[in-house]
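Trainee: Structure below; questions to follow.
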Amino acid sequence: ARAKNITVCGVRDYGDQGVVEYVAGELIRYLHGFGDKQWQEQPVELTDLKVGIVGLGTSGQLIAAGLQALGADLYYFSRTRKPEPEEKNIKYLPLRELLGAVDVVCTCLNKNVILFTEEQFEWLGNHKIMFNTSIGPSHEITALAKWLEHGDNEFFCDTAAALGDAAGTLINHPHVNCIRRSSGLTRQAYERLSEKVLKNIATFLQGTIV
């Protein structure tokens with residue numbers, strides 16, 4: 001495109017609302033035992049549940065705000081400190097401290113960022129819950145498989161791409177919960193996408209794209 005002098009305009013942040021609802025819905029089902037699994041012997045609420053968000057971009061901030069509104073105790077780790085979330089009582093912790101402190105961790109990272117190796121899963125420990133809402137895996141697949149071997153850890157993702165299991169060995173694992181469809185592709189998301197595309201076209205035609 002650059003060689004042919006073609007302008008390329010990106011579109012982002014149009015499907016995050018559906019991801020928030022996916023995380024809240026699946027987490028509530030598991031905590032309360034509304035499906036065929038239940039986290040603890042008795043149903044528990046989100047109230048005071050310690051949740052860590054790894055990657056506080058648009059989707060991470062929305063997930064944090066949504067779970068906090070339901071009573072969860074929110075922490076975050078990001079490459080850079082975010083002053084605004086701390087004002088909203090979403091507390092920053094270094095990654096190792098965060099993983100040791102929380103019951104639930106949700107990774108909201110850029111594509112191709114693999115942050116969780118065996119070391120990070122050791123920091124996280126057991127009887128924990130992990131969500132990956134990134135487009136691709138946020139973990140090494142062998143490290144995830146080892147963590148799941150403990151038997152009381154649960155991993156959630158919406159798509160097979162987010163699981164990152166090219167060999168297909170974990171997709172049907174009893175502690176892997178993959179709905180195999182994108183939680184962000186809703187009717188409203190397509191409407192937001194269309195609006196952003198049309199805005200890009202208008203901006204290009206007006207000659208205001210730098």
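We label chains A, B, ... in the order they appear in the structure tokens, count residues from 1 in each chain, and number ligands from 1 in the order shown.
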Report as a PDB file with all heavy atoms, in the first residue's frame all protein, DNA and RNA residues lying within 7 Å of region 165-176 of chain A, evaluated on only C-alpha atoms, omitting residues in the same chain fewer than 4 positions from it.

Mentor:
ATOM      1  N   ILE A 141       1.602 -22.288  25.423  1.00  0.00           N
ATOM      2  CA  ILE A 141       0.598 -23.336  25.531  1.00  0.00           C
ATOM      3  C   ILE A 141       1.065 -24.471  26.437  1.00  0.00           C
ATOM      4  O   ILE A 141       0.264 -25.057  27.187  1.00  0.00           O
ATOM      5  CB  ILE A 141       0.194 -23.862  24.132  1.00  0.00           C
ATOM      6  CG1 ILE A 141      -1.111 -24.657  24.209  1.00  0.00           C
ATOM      7  CG2 ILE A 141       1.312 -24.650  23.496  1.00  0.00           C
ATOM      8  CD1 ILE A 141      -2.324 -23.836  24.542  1.00  0.00           C
ATOM      9  N   LEU A 148      -2.834 -26.293  34.200  1.00  0.00           N
ATOM     10  CA  LEU A 148      -4.139 -26.954  34.253  1.00  0.00           C
ATOM     11  C   LEU A 148      -4.048 -28.359  34.842  1.00  0.00           C
ATOM     12  O   LEU A 148      -5.053 -28.894  35.330  1.00  0.00           O
ATOM     13  CB  LEU A 148      -4.750 -27.021  32.851  1.00  0.00           C
ATOM     14  CG  LEU A 148      -5.161 -25.680  32.237  1.00  0.00           C
ATOM     15  CD1 LEU A 148      -5.585 -25.872  30.784  1.00  0.00           C
ATOM     16  CD2 LEU A 148      -6.279 -25.015  33.040  1.00  0.00           C
ATOM     17  N   ASN A 153      -7.668 -25.420  38.515  1.00  0.00           N
ATOM     18  CA  ASN A 153      -7.553 -24.144  37.811  1.00  0.00           C
ATOM     19  C   ASN A 153      -8.446 -24.168  36.575  1.00  0.00           C
ATOM     20  O   ASN A 153      -8.602 -25.208  35.943  1.00  0.00           O
ATOM     21  CB  ASN A 153      -6.096 -23.897  37.398  1.00  0.00           C
ATOM     22  CG  ASN A 153      -5.163 -23.825  38.590  1.00  0.00           C
ATOM     23  OD1 ASN A 153      -5.456 -23.166  39.580  1.00  0.00           O
ATOM     24  ND2 ASN A 153      -4.030 -24.521  38.510  1.00  0.00           N
ATOM     25  N   GLU A 154      -9.031 -23.016  36.236  1.00  0.00           N
ATOM     26  CA  GLU A 154      -9.926 -22.932  35.077  1.00  0.00           C
ATOM     27  C   GLU A 154      -9.460 -21.826  34.141  1.00  0.00           C
ATOM     28  O   GLU A 154      -9.113 -20.721  34.584  1.00  0.00           O
ATOM     29  CB  GLU A 154     -11.361 -22.646  35.509  1.00  0.00           C
ATOM     30  CG  GLU A 154     -12.031 -23.768  36.284  1.00  0.00           C
ATOM     31  CD  GLU A 154     -12.450 -24.940  35.402  1.00  0.00           C
ATOM     32  OE1 GLU A 154     -12.818 -24.694  34.230  1.00  0.00           O
ATOM     33  OE2 GLU A 154     -12.424 -26.082  35.888  1.00  0.00           O
ATOM     34  N   PHE A 155      -9.475 -22.136  32.846  1.00  0.00           N
ATOM     35  CA  PHE A 155      -9.075 -21.179  31.817  1.00  0.00           C
ATOM     36  C   PHE A 155     -10.270 -20.897  30.916  1.00  0.00           C
ATOM     37  O   PHE A 155     -10.947 -21.828  30.464  1.00  0.00           O
ATOM     38  CB  PHE A 155      -7.926 -21.741  30.982  1.00  0.00           C
ATOM     39  CG  PHE A 155      -7.486 -20.833  29.866  1.00  0.00           C
ATOM     40  CD1 PHE A 155      -6.587 -19.806  30.097  1.00  0.00           C
ATOM     41  CD2 PHE A 155      -7.981 -21.007  28.580  1.00  0.00           C
ATOM     42  CE1 PHE A 155      -6.185 -18.965  29.071  1.00  0.00           C
ATOM     43  CE2 PHE A 155      -7.577 -20.174  27.547  1.00  0.00           C
ATOM     44  CZ  PHE A 155      -6.678 -19.150  27.792  1.00  0.00           C
ATOM     45  N   PHE A 156     -10.521 -19.617  30.648  1.00  0.00           N
ATOM     46  CA  PHE A 156     -11.644 -19.190  29.814  1.00  0.00           C
ATOM     47  C   PHE A 156     -11.130 -18.348  28.645  1.00  0.00           C
ATOM     48  O   PHE A 156     -10.272 -17.483  28.809  1.00  0.00           O
ATOM     49  CB  PHE A 156     -12.632 -18.338  30.618  1.00  0.00           C
ATOM     50  CG  PHE A 156     -13.390 -19.086  31.675  1.00  0.00           C
ATOM     51  CD1 PHE A 156     -12.821 -19.360  32.909  1.00  0.00           C
ATOM     52  CD2 PHE A 156     -14.688 -19.518  31.430  1.00  0.00           C
ATOM     53  CE1 PHE A 156     -13.526 -20.047  33.887  1.00  0.00           C
ATOM     54  CE2 PHE A 156     -15.405 -20.199  32.399  1.00  0.00           C
ATOM     55  CZ  PHE A 156     -14.819 -20.463  33.632  1.00  0.00           C
TER      56      PHE A 156
END

Trainee: Got a sec: who's within 10 Å of region 104-113 of chain A, counting only C-alpha atoms, leaving out chain neighbours fewer than 2 positions off, as an MDAnalysis selection string?

Mentor: chainID A and resid 23 27 49:61 63:64 74:78 98:99 101:102 115:116 124 127:139 154:157 162

Trainee: Could those residues be written to a file, using C-alpha atoms, as a PDB file, in the first residue's frame?

Mentor:
ATOM      1  CA  VAL A  23     -16.191 -12.066  30.989  1.00  0.00           C
ATOM      2  CA  LEU A  27     -17.385 -15.596  35.595  1.00  0.00           C
ATOM      3  CA  LEU A  49     -13.524 -11.080  44.687  1.00  0.00           C
ATOM      4  CA  LYS A  50      -9.930 -10.099  43.906  1.00  0.00           C
ATOM      5  CA  VAL A  51      -9.551  -9.646  40.138  1.00  0.00           C
ATOM      6  CA  GLY A  52      -6.388  -8.656  38.306  1.00  0.00           C
ATOM      7  CA  ILE A  53      -6.376  -7.067  34.859  1.00  0.00           C
ATOM      8  CA  VAL A  54      -3.148  -7.500  32.904  1.00  0.00           C
ATOM      9  CA  GLY A  55      -3.062  -4.877  30.156  1.00  0.00           C
ATOM     10  CA  LEU A  56      -5.148  -1.791  30.856  1.00  0.00           C
ATOM     11  CA  GLY A  57      -6.052  -0.627  27.367  1.00  0.00           C
ATOM     12  CA  THR A  58      -9.607   0.052  26.237  1.00  0.00           C
ATOM     13  CA  SER A  59     -10.966  -3.446  26.837  1.00  0.00           C
ATOM     14  CA  GLY A  60      -9.028  -3.876  30.080  1.00  0.00           C
ATOM     15  CA  GLN A  61     -10.433  -0.648  31.491  1.00  0.00           C
ATOM     16  CA  ILE A  63     -13.695  -5.050  32.030  1.00  0.00           C
ATOM     17  CA  ALA A  64     -12.253  -3.568  35.223  1.00  0.00           C
ATOM     18  CA  LEU A  74      -9.809  -4.651  41.160  1.00  0.00           C
ATOM     19  CA  TYR A  75      -6.053  -4.589  40.581  1.00  0.00           C
ATOM     20  CA  TYR A  76      -4.091  -4.036  37.385  1.00  0.00           C
ATOM     21  CA  PHE A  77      -0.668  -4.410  35.837  1.00  0.00           C
ATOM     22  CA  SER A  78       0.419  -2.473  32.776  1.00  0.00           C
ATOM     23  CA  LEU A  98      -0.715  -9.065  41.438  1.00  0.00           C
ATOM     24  CA  LEU A  99      -0.714 -12.725  40.404  1.00  0.00           C
ATOM     25  CA  ALA A 101      -2.861 -11.617  45.356  1.00  0.00           C
ATOM     26  CA  VAL A 102      -5.811 -12.222  43.010  1.00  0.00           C
ATOM     27  CA  LEU A 115       3.499 -12.827  28.807  1.00  0.00           C
ATOM     28  CA  PHE A 116       2.645 -16.012  30.707  1.00  0.00           C
ATOM     29  CA  LEU A 124      -0.386 -17.161  39.966  1.00  0.00           C
ATOM     30  CA  HIS A 127      -7.314 -22.764  42.594  1.00  0.00           C
ATOM     31  CA  LYS A 128      -7.339 -19.737  40.317  1.00  0.00           C
ATOM     32  CA  ILE A 129      -9.331 -18.537  37.298  1.00  0.00           C
ATOM     33  CA  MET A 130      -7.794 -17.097  34.126  1.00  0.00           C
ATOM     34  CA  PHE A 131      -9.486 -15.295  31.249  1.00  0.00           C
ATOM     35  CA  ASN A 132      -7.714 -14.371  28.036  1.00  0.00           C
ATOM     36  CA  THR A 133      -9.569 -11.755  25.995  1.00  0.00           C
ATOM     37  CA  SER A 134      -6.649 -11.005  23.671  1.00  0.00           C
ATOM     38  CA  ILE A 135      -6.945 -11.756  19.946  1.00  0.00           C
ATOM     39  CA  GLY A 136      -4.194 -14.351  20.276  1.00  0.00           C
ATOM     40  CA  PRO A 137      -2.737 -16.306  23.194  1.00  0.00           C
ATOM     41  CA  SER A 138      -1.172 -14.411  26.081  1.00  0.00           C
ATOM     42  CA  HIS A 139       0.566 -17.587  27.294  1.00  0.00           C
ATOM     43  CA  GLU A 154      -9.926 -22.932  35.077  1.00  0.00           C
ATOM     44  CA  PHE A 155      -9.075 -21.179  31.817  1.00  0.00           C
ATOM     45  CA  PHE A 156     -11.644 -19.190  29.814  1.00  0.00           C
ATOM     46  CA  CYS A 157     -11.441 -17.729  26.300  1.00  0.00           C
ATOM     47  CA  ALA A 162      -7.180 -16.897  22.007  1.00  0.00           C
TER      48      ALA A 162
END

Trainee: Considering only C-alpha atoms, state which residue in the set A:Leu95, A:Val11, A:Val20, A:Ile6 is at the smallest distance from Ser194 (chain A).

Mentor: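 Checking each candidate against Ser194 (chain A), we get A:Val11 as the closest.
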
Trainee: Give me every helix (DSSP H, G or I) residue in chain A, going by DSSP on the backbone, as number ranges by chain.

Mentor: A: 16-32, 58-69, 83-87, 95-101, 118-124, 141-148, 160-163, 187-205

Trainee: For the selection you just gave me, I'd like the residues written to a file as a CSV table (one decimal), in the first residue's frame, keeping C-alpha atoms.

Mentor:
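Resulting contents of part_35.csv:
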chain,number,residue,atom,x,y,z
A,16,ASP,CA,-15.0,-4.3,23.5
A,17,GLN,CA,-18.5,-4.0,25.1
A,18,GLY,CA,-19.4,-7.5,24.1
A,19,VAL,CA,-16.1,-8.8,25.6
A,20,VAL,CA,-17.0,-7.2,29.0
A,21,GLU,CA,-20.3,-9.0,29.0
A,22,TYR,CA,-18.6,-12.3,28.1
A,23,VAL,CA,-16.2,-12.1,31.0
A,24,ALA,CA,-18.9,-11.0,33.5
A,25,GLY,CA,-21.3,-13.7,32.2
A,26,GLU,CA,-18.9,-16.6,32.3
A,27,LEU,CA,-17.4,-15.6,35.6
A,28,ILE,CA,-20.8,-15.3,37.3
A,29,ARG,CA,-21.9,-18.7,35.9
A,30,TYR,CA,-18.7,-20.3,37.3
A,31,LEU,CA,-18.9,-18.6,40.7
A,32,HIS,CA,-22.5,-19.4,41.2
A,58,THR,CA,-9.6,0.1,26.2
A,59,SER,CA,-11.0,-3.4,26.8
A,60,GLY,CA,-9.0,-3.9,30.1
A,61,GLN,CA,-10.4,-0.6,31.5
A,62,LEU,CA,-14.0,-1.6,30.5
A,63,ILE,CA,-13.7,-5.0,32.0
A,64,ALA,CA,-12.3,-3.6,35.2
A,65,ALA,CA,-15.0,-1.0,35.5
A,66,GLY,CA,-17.7,-3.6,34.8
A,67,LEU,CA,-16.5,-6.0,37.4
A,68,GLN,CA,-15.9,-3.3,39.9
A,69,ALA,CA,-19.5,-2.1,39.5
A,83,PRO,CA,-3.2,7.6,37.2
A,84,GLU,CA,-6.9,7.7,36.4
A,85,PRO,CA,-7.7,4.0,37.3
A,86,GLU,CA,-6.0,4.5,40.7
A,87,GLU,CA,-8.3,7.4,41.3
A,95,LEU,CA,2.9,-8.4,38.0
A,96,ARG,CA,4.3,-10.9,40.5
A,97,GLU,CA,2.5,-9.3,43.4
A,98,LEU,CA,-0.7,-9.1,41.4
A,99,LEU,CA,-0.7,-12.7,40.4
A,100,GLY,CA,-0.1,-13.8,44.0
A,101,ALA,CA,-2.9,-11.6,45.4
A,118,GLU,CA,5.8,-21.3,33.6
A,119,GLU,CA,7.2,-18.7,35.9
A,120,GLN,CA,4.1,-16.4,35.7
A,121,PHE,CA,1.8,-19.4,36.2
A,122,GLU,CA,3.9,-20.3,39.3
A,123,TRP,CA,3.3,-16.8,40.6
A,124,LEU,CA,-0.4,-17.2,40.0
A,141,ILE,CA,0.6,-23.3,25.5
A,142,THR,CA,2.9,-25.8,27.3
A,143,ALA,CA,2.9,-23.6,30.4
A,144,LEU,CA,-0.9,-23.4,30.4
A,145,ALA,CA,-1.2,-27.1,30.0
A,146,LYS,CA,1.1,-27.7,33.0
A,147,TRP,CA,-0.9,-25.2,35.1
A,148,LEU,CA,-4.1,-27.0,34.3
A,160,ALA,CA,-9.7,-21.0,19.6
A,161,ALA,CA,-7.2,-18.3,18.5
A,162,ALA,CA,-7.2,-16.9,22.0
A,163,LEU,CA,-6.4,-20.4,23.3
A,187,ARG,CA,-24.8,-6.3,15.9
A,188,GLN,CA,-23.9,-3.1,17.8
A,189,ALA,CA,-20.2,-3.8,17.2
A,190,TYR,CA,-20.8,-4.0,13.5
A,191,GLU,CA,-22.7,-0.7,13.7
A,192,ARG,CA,-19.8,0.9,15.5
A,193,LEU,CA,-17.4,-0.6,13.0
A,194,SER,CA,-19.4,0.8,10.1
A,195,GLU,CA,-19.5,4.3,11.6
A,196,LYS,CA,-15.8,4.3,12.1
A,197,VAL,CA,-15.1,3.2,8.5
A,198,LEU,CA,-17.4,5.9,7.1
A,199,LYS,CA,-15.7,8.5,9.3
A,200,ASN,CA,-12.3,7.3,7.9
A,201,ILE,CA,-13.7,7.7,4.3
A,202,ALA,CA,-15.0,11.2,5.1
A,203,THR,CA,-11.8,12.2,6.7
A,204,PHE,CA,-9.8,11.0,3.7
A,205,LEU,CA,-12.0,12.8,1.2

Trainee: Pull the strand (DSSP E or B) assignments for region 46-193 of chain A out of DSSP run on the backbone, and list those residues as an MDAnalysis selection string.

Mentor: chainID A and resid 50:54 73:77 91:92 104:107 116 129:132 139 154:157 176:178
